[in-house]
Each structure stands twice: as C-alpha cells, then as structure tokens.
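Below is my_file.csv, which holds CSV, C-alpha atoms.
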```csv
chain,number,residue,atom,x,y,z
A,242,MET,CA,-37.9,51.5,197.4
A,243,PRO,CA,-36.4,55.0,197.6
A,244,ARG,CA,-32.6,55.3,197.8
A,245,GLY,CA,-30.5,57.9,199.6
A,246,SER,CA,-30.8,59.6,202.9
A,247,LYS,CA,-34.0,60.7,204.5
A,248,PRO,CA,-34.6,64.5,204.8
A,249,GLY,CA,-32.3,65.9,207.5
A,250,GLU,CA,-30.2,62.7,207.7
A,251,HIS,CA,-26.5,63.0,207.3
A,252,ARG,CA,-24.4,60.0,206.1
A,253,GLY,CA,-20.7,60.8,206.3
A,254,GLY,CA,-18.5,63.5,204.8
A,255,ARG,CA,-16.5,66.1,206.7
A,256,ALA,CA,-17.6,66.8,210.2
A,257,ALA,CA,-19.3,70.1,210.8
A,258,GLY,CA,-16.9,73.0,211.6
A,259,THR,CA,-13.8,71.4,209.9
A,260,PRO,CA,-12.0,74.0,207.8
A,261,ASN,CA,-11.2,73.4,204.1
A,262,LYS,CA,-7.7,72.1,203.3
A,263,PRO,CA,-5.6,74.8,201.7
A,264,LYS,CA,-5.2,74.1,198.0
A,265,GLY,CA,-1.6,75.1,197.7
A,266,GLU,CA,-0.4,72.8,200.4
A,267,LYS,CA,0.1,69.8,198.1
A,268,ALA,CA,2.0,72.0,195.6
A,269,LEU,CA,4.3,73.2,198.4
A,270,VAL,CA,5.1,69.7,199.5
A,271,VAL,CA,5.9,68.6,196.0
A,272,LEU,CA,8.0,71.7,195.5
A,273,ASP,CA,10.0,71.0,198.7
A,274,GLN,CA,10.6,67.4,197.6
A,275,ALA,CA,11.8,68.6,194.1
A,276,GLU,CA,14.1,71.2,195.7
A,277,ALA,CA,15.6,68.5,198.0
A,278,GLU,CA,16.3,66.2,195.0
A,279,ILE,CA,17.9,69.1,193.0
A,280,ARG,CA,20.1,69.9,196.0
A,281,VAL,CA,21.3,66.3,196.1
A,282,LEU,CA,22.1,66.4,192.4
A,283,ILE,CA,24.0,69.7,192.7
A,284,GLU,CA,26.0,68.4,195.7
A,285,ALA,CA,26.9,65.3,193.6
A,286,GLY,CA,28.3,67.6,190.9
A,287,ALA,CA,25.7,66.9,188.2
A,288,ARG,CA,25.2,69.5,185.5
A,289,ILE,CA,21.5,70.4,185.6
A,290,THR,CA,21.6,74.0,184.3
A,291,ALA,CA,23.3,73.5,180.9
A,292,LEU,CA,22.2,75.9,178.2
A,293,GLY,CA,20.8,74.7,174.9
A,294,LYS,CA,23.9,75.9,173.0
A,295,ASP,CA,26.1,73.8,175.3
A,296,ARG,CA,23.9,70.7,174.7
A,297,LEU,CA,24.2,71.4,170.9
A,298,THR,CA,28.0,71.6,171.3
A,299,GLU,CA,28.0,68.2,173.1
A,300,ILE,CA,25.8,66.5,170.5
A,301,ASP,CA,27.8,68.1,167.6
A,302,ASP,CA,31.1,66.8,169.1
A,303,TRP,CA,29.6,63.3,169.5
A,304,ALA,CA,28.1,63.2,166.0
A,305,TYR,CA,31.3,64.5,164.4
A,306,LYS,CA,33.4,61.8,166.1
A,307,ALA,CA,30.9,59.2,165.0
A,308,ALA,CA,31.0,60.5,161.4
A,309,LYS,CA,34.8,60.3,161.4
A,310,ARG,CA,34.6,56.7,162.6
A,311,PHE,CA,32.4,55.8,159.6
A,312,ALA,CA,34.3,58.0,157.1
A,313,PRO,CA,35.5,56.4,153.9
A,314,ARG,CA,39.0,54.9,153.9
A,315,GLU,CA,41.6,55.2,151.1
A,316,ASP,CA,43.0,52.3,149.2
A,317,LYS,CA,46.6,52.0,147.9
A,318,ASN,CA,45.7,54.2,144.9
A,319,GLY,CA,44.2,56.9,147.1
A,320,ASP,CA,40.6,56.1,146.1
A,321,PRO,CA,38.0,56.2,148.8
A,322,TYR,CA,36.1,53.1,149.8
A,323,TRP,CA,33.7,52.1,152.6
A,324,LYS,CA,34.9,49.5,155.1
A,325,ASN,CA,31.3,48.0,155.6
A,326,PRO,CA,28.2,48.2,153.5
A,327,GLY,CA,26.2,50.4,156.0
A,328,ASP,CA,29.1,52.8,156.7
A,329,GLU,CA,28.1,55.2,154.0
A,330,ALA,CA,24.6,55.7,155.4
A,331,ARG,CA,25.9,56.0,158.9
A,332,PHE,CA,28.6,58.6,157.9
A,333,ASP,CA,25.9,60.6,156.0
A,334,ARG,CA,23.5,60.5,159.0
A,335,TYR,CA,26.1,61.5,161.6
A,336,LEU,CA,27.6,64.3,159.4
A,337,LYS,CA,24.1,65.8,158.8
A,338,LEU,CA,23.4,65.7,162.6
A,339,SER,CA,26.7,67.4,163.3
A,340,ALA,CA,25.9,70.1,160.7
A,341,LYS,CA,22.4,70.7,162.1
A,342,CYS,CA,23.8,71.1,165.6
A,343,ALA,CA,26.5,73.5,164.3
A,344,LEU,CA,23.9,75.5,162.4
A,345,GLY,CA,21.6,75.6,165.4
A,346,ARG,CA,24.2,77.0,167.7
A,347,ALA,CA,25.7,79.5,165.2
A,348,GLN,CA,23.0,82.0,166.1
A,349,PHE,CA,24.3,82.1,169.7
A,350,GLU,CA,28.0,82.3,168.7
A,351,SER,CA,28.0,85.1,166.1
A,352,PRO,CA,25.4,87.7,165.3
A,353,ARG,CA,23.8,88.1,161.9
A,354,TYR,CA,24.9,90.9,159.6
A,355,ALA,CA,21.5,92.6,159.9
A,356,ALA,CA,21.7,92.7,163.7
A,357,VAL,CA,25.1,94.5,163.6
A,358,LYS,CA,24.4,96.9,160.7
A,359,GLY,CA,20.8,97.8,161.4
A,360,GLU,CA,17.3,96.7,160.3
A,361,ARG,CA,17.6,97.8,156.7
A,362,ALA,CA,20.7,95.7,155.9
A,363,LEU,CA,20.4,92.5,154.0
A,364,VAL,CA,20.8,89.3,156.0
A,365,LYS,CA,24.0,87.6,155.0
A,366,PRO,CA,24.9,84.1,156.2
A,367,ASP,CA,27.5,84.2,158.9
A,368,ALA,CA,30.8,82.3,158.7
A,369,ALA,CA,29.6,79.4,160.8
A,370,GLU,CA,26.6,78.9,158.6
A,371,ARG,CA,28.8,79.0,155.5
A,372,GLU,CA,31.2,76.5,157.1
A,373,VAL,CA,28.3,74.1,157.9
A,374,ARG,CA,27.1,74.3,154.3
A,375,VAL,CA,30.6,73.5,153.0
A,376,ILE,CA,30.9,70.5,155.4
A,377,VAL,CA,27.5,69.1,154.3
A,378,ALA,CA,28.4,69.6,150.6
A,379,ALA,CA,31.7,67.9,151.1
A,380,GLY,CA,30.0,64.9,152.8
A,381,GLU,CA,27.5,64.6,150.0
A,382,ASP,CA,30.4,64.7,147.4
A,383,ILE,CA,32.2,62.0,149.3
A,384,ALA,CA,29.1,59.9,149.4
A,385,LYS,CA,28.5,60.3,145.7
A,386,LEU,CA,32.1,59.4,145.0
A,387,GLY,CA,31.8,56.3,147.0
A,388,LYS,CA,28.7,55.3,145.0
A,389,ASP,CA,30.4,55.9,141.7
A,390,ARG,CA,33.3,53.6,142.7
A,391,GLN,CA,31.0,50.6,143.5
```

Please express the file's structure as structure tokens.
Amino acid sequence: MPRGSKPGEHRGGRAAGTPNKPKGEKALVVLDQAEAEIRVLIEAGARITALGKDRLTEIDDWAYKAAKRFAPREDKNGDPYWKNPGDEARFDRYLKLSAKCALGRAQFESPRYAAVKGERALVKPDAAEREVRVIVAAGEDIAKLGKDRQ
C-alpha cells in the first residue's frame, strides 16, 4: 500500500501566507536575558570584568600564602624539617604555581628590554622574571635540604 499524501493533498505544516520567523529573534531574546543577568551581578557588586593579570595576581597571592603555610619549620639547631610527610610536596606545588603566576603577569607589569631599546636589541629577562627564577631555585634548594636531612 502506498504511503504519504496523494498528489495535491496537504497534510499539516505552516498555513499558506504565514511569513517566516526572523532568524535573529531568538538570539536577541537570549542576549536580552544575558544582559539582564549581568546588570543584576553588577548591581550586587560582583567583579565580572577582571583582567587576566588581576586574576593571576589573586592566584599568585593565594598560592604563595599556601606555600608559606607548608614551608619547612626550623628545629632548635636551626635545621629545617617538615611538620607532616606530605608538606614538602605541597610546598613545592604551591610555590611553583605562585612562580608561574608571577612569570605570567611579568609581561604586563614591565616591558622587555627589546621592546624599549628597539627590535635589534637582545632580549634580556626582566627583573620580575629573574626574581621568579630565584624564588623557584630557593624552593628547590629547601626541598633538597629537607630530603637530605631525612
């Protein structure tokens, strides 16, 4: 038995003469809703427009505070020791995260030597990058010293 409509027969769909729905109408409705939600957040005092360097600063501060919490302690003789067995790994992880954040935002805080002197100048690491390298090296030295003492 044949399926479907007979020739000339119409079974549903849009009525004749009905105009097409504008394609951008749904997008405008969603955009209006998103704008209303953002206005509510702004009125509540939420920070929604923070720059990447500001986020890196926040994460750096948080990670550095965490690293200091797990830093090695000193005994009566002045020798460093770890309070708990996992503190050394935690200290190392948080210190490295702090260093990565500081290195990531260094490009926003101070220009490279080549950008100041011209294109032909050699690129020298800036002060913030050198400081981060020193901090990471110091953290690695402390970690090695703690392993040697055990």

- Task: Choose the residue, out of A:Ala256, A:Ile289, A:Ala330, A:Leu336, that has the smallest atom-to-atom separation from Lys309 (chain A); count all atoms listed in the file.
- Result: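 Under the stated criterion, the closest residue is A:Leu336.
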
- What does the distance between CA of Trp303 (chain A) and CA of Ser339 (chain A) come to in Å, to one decimal place?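 Distance reported for this atom pair: 8.0 Å.
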
Can you tell me which residues surround Pro313 (chain A) at a distance of at most 6 Å, considering all atoms listed in the file, apart from same-chain residues fewer than 6 positions away, and format the answer as a PDB file with C-alpha atoms, in the frame of the given file?
```
ATOM      1  CA  PRO A 321      38.000  56.200 148.800  1.00  0.00           C
ATOM      2  CA  TYR A 322      36.100  53.100 149.800  1.00  0.00           C
ATOM      3  CA  TRP A 323      33.700  52.100 152.600  1.00  0.00           C
TER       4      TRP A 323
END
```

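Ranking A:Asp301, A:Lys306, A:Gly327, A:Glu276 by their shortest atom-to-atom distance to Lys341 (chain A), with only C-alpha atoms included, puts A:Asp301 first.
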
- Message: Let me make sure I understand: among A:Ala275, A:Ala312, A:Val270, A:Leu292, which one has the smallest atom-to-atom distance to Asp328 (chain A) if we use only C-alpha atoms?
- Response: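 Using only C-alpha atoms, Asp328 (chain A) sits closest to A:Ala312.
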
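All residues of protein, DNA or RNA that reach within 8 Å of Ala307 (chain A), judged by all atoms listed in the file and not counting those fewer than 4 positions away in the chain, are Trp303, Phe311, Phe332 and Tyr335 of chain A.
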
Grab the residues selected above and save them as a short mmCIF file (atom, residue, chain, number, x, y, z; two decimals), in the coordinates of the input with C-alpha atoms.
```cif
data_model
loop_
_atom_site.label_atom_id
_atom_site.label_comp_id
_atom_site.auth_asym_id
_atom_site.auth_seq_id
_atom_site.Cartn_x
_atom_site.Cartn_y
_atom_site.Cartn_z
CA TRP A 303 29.60 63.30 169.50
CA PHE A 311 32.40 55.80 159.60
CA PHE A 332 28.60 58.60 157.90
CA TYR A 335 26.10 61.50 161.60
#
```

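CA of Leu338 (chain A) sits 6.3 Å away from CA of Ala304 (chain A).
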